[in-house]
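Worksheet: one structure, shown below.
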Amino acid sequence: MRRWTKAMMNTLKVFILFTGCTILFYYAIVWFNQEYQQFHRYDEPSGSAIKVNADNSPETEKYSWRDRIFLFYLNGE
């Protein structure tokens with residue numbers, strides 16, 4: 001009887017520890033979600049930002065579409 005009680009107490013301790021860690025993890029995820037909910041990542045950048053994918057730059061006009069495909073497969077451009 002004493003071993004059974006000790007085993008049940010150890011099982012209860014593990015259950016309480018697991019439940020507490022699960023609740024802590026859940027509220028941490030909820031807190032992160034609320035924190036990043038107000039973060040607008042698609043806003044216009046501030047400062048001296050420039051557009052990096054300019055399609056009509058002089059460098060892209062000197063390559064034909066075959067050359068561009070070849071460079072894509074060669075370099076993973």
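Naming works like this for the structure tokens: A, B, ... for the chains as they're shown, residue 1 at the start of each chain, ligands 1 onward in shown order.
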
Practice task
Could you find all residues in chain A that DSSP calls helix (DSSP H, G or I) from the backbone, and write them as a ChimeraX atom specification?
Solution key: /A:2-37,58-61,65-75

Next, the residues of the selection above should be written as a short mmCIF file (atom, residue, chain, number, x, y, z; two decimals), in the first residue's frame with C-alpha atoms.
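The file below, result_23.cif, is the result:
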```cif
data_model
loop_
_atom_site.label_atom_id
_atom_site.label_comp_id
_atom_site.auth_asym_id
_atom_site.auth_seq_id
_atom_site.Cartn_x
_atom_site.Cartn_y
_atom_site.Cartn_z
CA ARG A 2 2.83 2.36 0.83
CA ARG A 3 4.55 1.84 -2.58
CA TRP A 4 1.27 2.49 -4.35
CA THR A 5 0.78 5.77 -2.46
CA LYS A 6 4.36 6.85 -3.18
CA ALA A 7 3.93 6.05 -6.89
CA MET A 8 0.67 8.03 -7.02
CA MET A 9 2.31 11.00 -5.29
CA ASN A 10 5.21 10.96 -7.77
CA THR A 11 2.71 10.71 -10.65
CA LEU A 12 0.78 13.66 -9.23
CA LYS A 13 3.98 15.72 -8.92
CA VAL A 14 4.89 15.04 -12.55
CA PHE A 15 1.35 15.86 -13.66
CA ILE A 16 1.36 19.17 -11.75
CA LEU A 17 4.81 20.06 -13.12
CA PHE A 18 3.74 19.23 -16.69
CA THR A 19 0.50 21.19 -16.35
CA GLY A 20 2.32 24.21 -14.89
CA CYS A 21 4.92 24.23 -17.66
CA THR A 22 2.19 23.87 -20.29
CA ILE A 23 0.24 26.81 -18.87
CA LEU A 24 3.42 28.89 -18.66
CA PHE A 25 4.27 28.07 -22.29
CA TYR A 26 0.72 28.91 -23.42
CA TYR A 27 0.74 32.33 -21.78
CA ALA A 28 4.22 33.05 -23.15
CA ILE A 29 2.94 32.31 -26.67
CA VAL A 30 -0.11 34.53 -26.06
CA TRP A 31 2.16 37.32 -24.81
CA PHE A 32 4.42 37.07 -27.90
CA ASN A 33 1.37 37.08 -30.14
CA GLN A 34 0.01 40.24 -28.53
CA GLU A 35 3.43 41.86 -28.70
CA TYR A 36 3.81 41.23 -32.43
CA GLN A 37 0.15 41.91 -33.24
CA PRO A 58 20.88 49.37 -67.25
CA GLU A 59 22.49 46.16 -65.97
CA THR A 60 19.38 44.02 -66.48
CA GLU A 61 18.82 45.35 -70.03
CA TRP A 65 16.00 36.16 -71.18
CA ARG A 66 18.15 33.13 -72.09
CA ASP A 67 21.15 34.67 -70.38
CA ARG A 68 19.07 35.46 -67.32
CA ILE A 69 17.79 31.84 -67.14
CA PHE A 70 21.34 30.56 -67.57
CA LEU A 71 22.60 32.84 -64.78
CA PHE A 72 19.71 31.78 -62.56
CA TYR A 73 20.56 28.09 -62.93
CA LEU A 74 24.31 28.69 -62.76
CA ASN A 75 24.47 30.99 -59.75
#
```
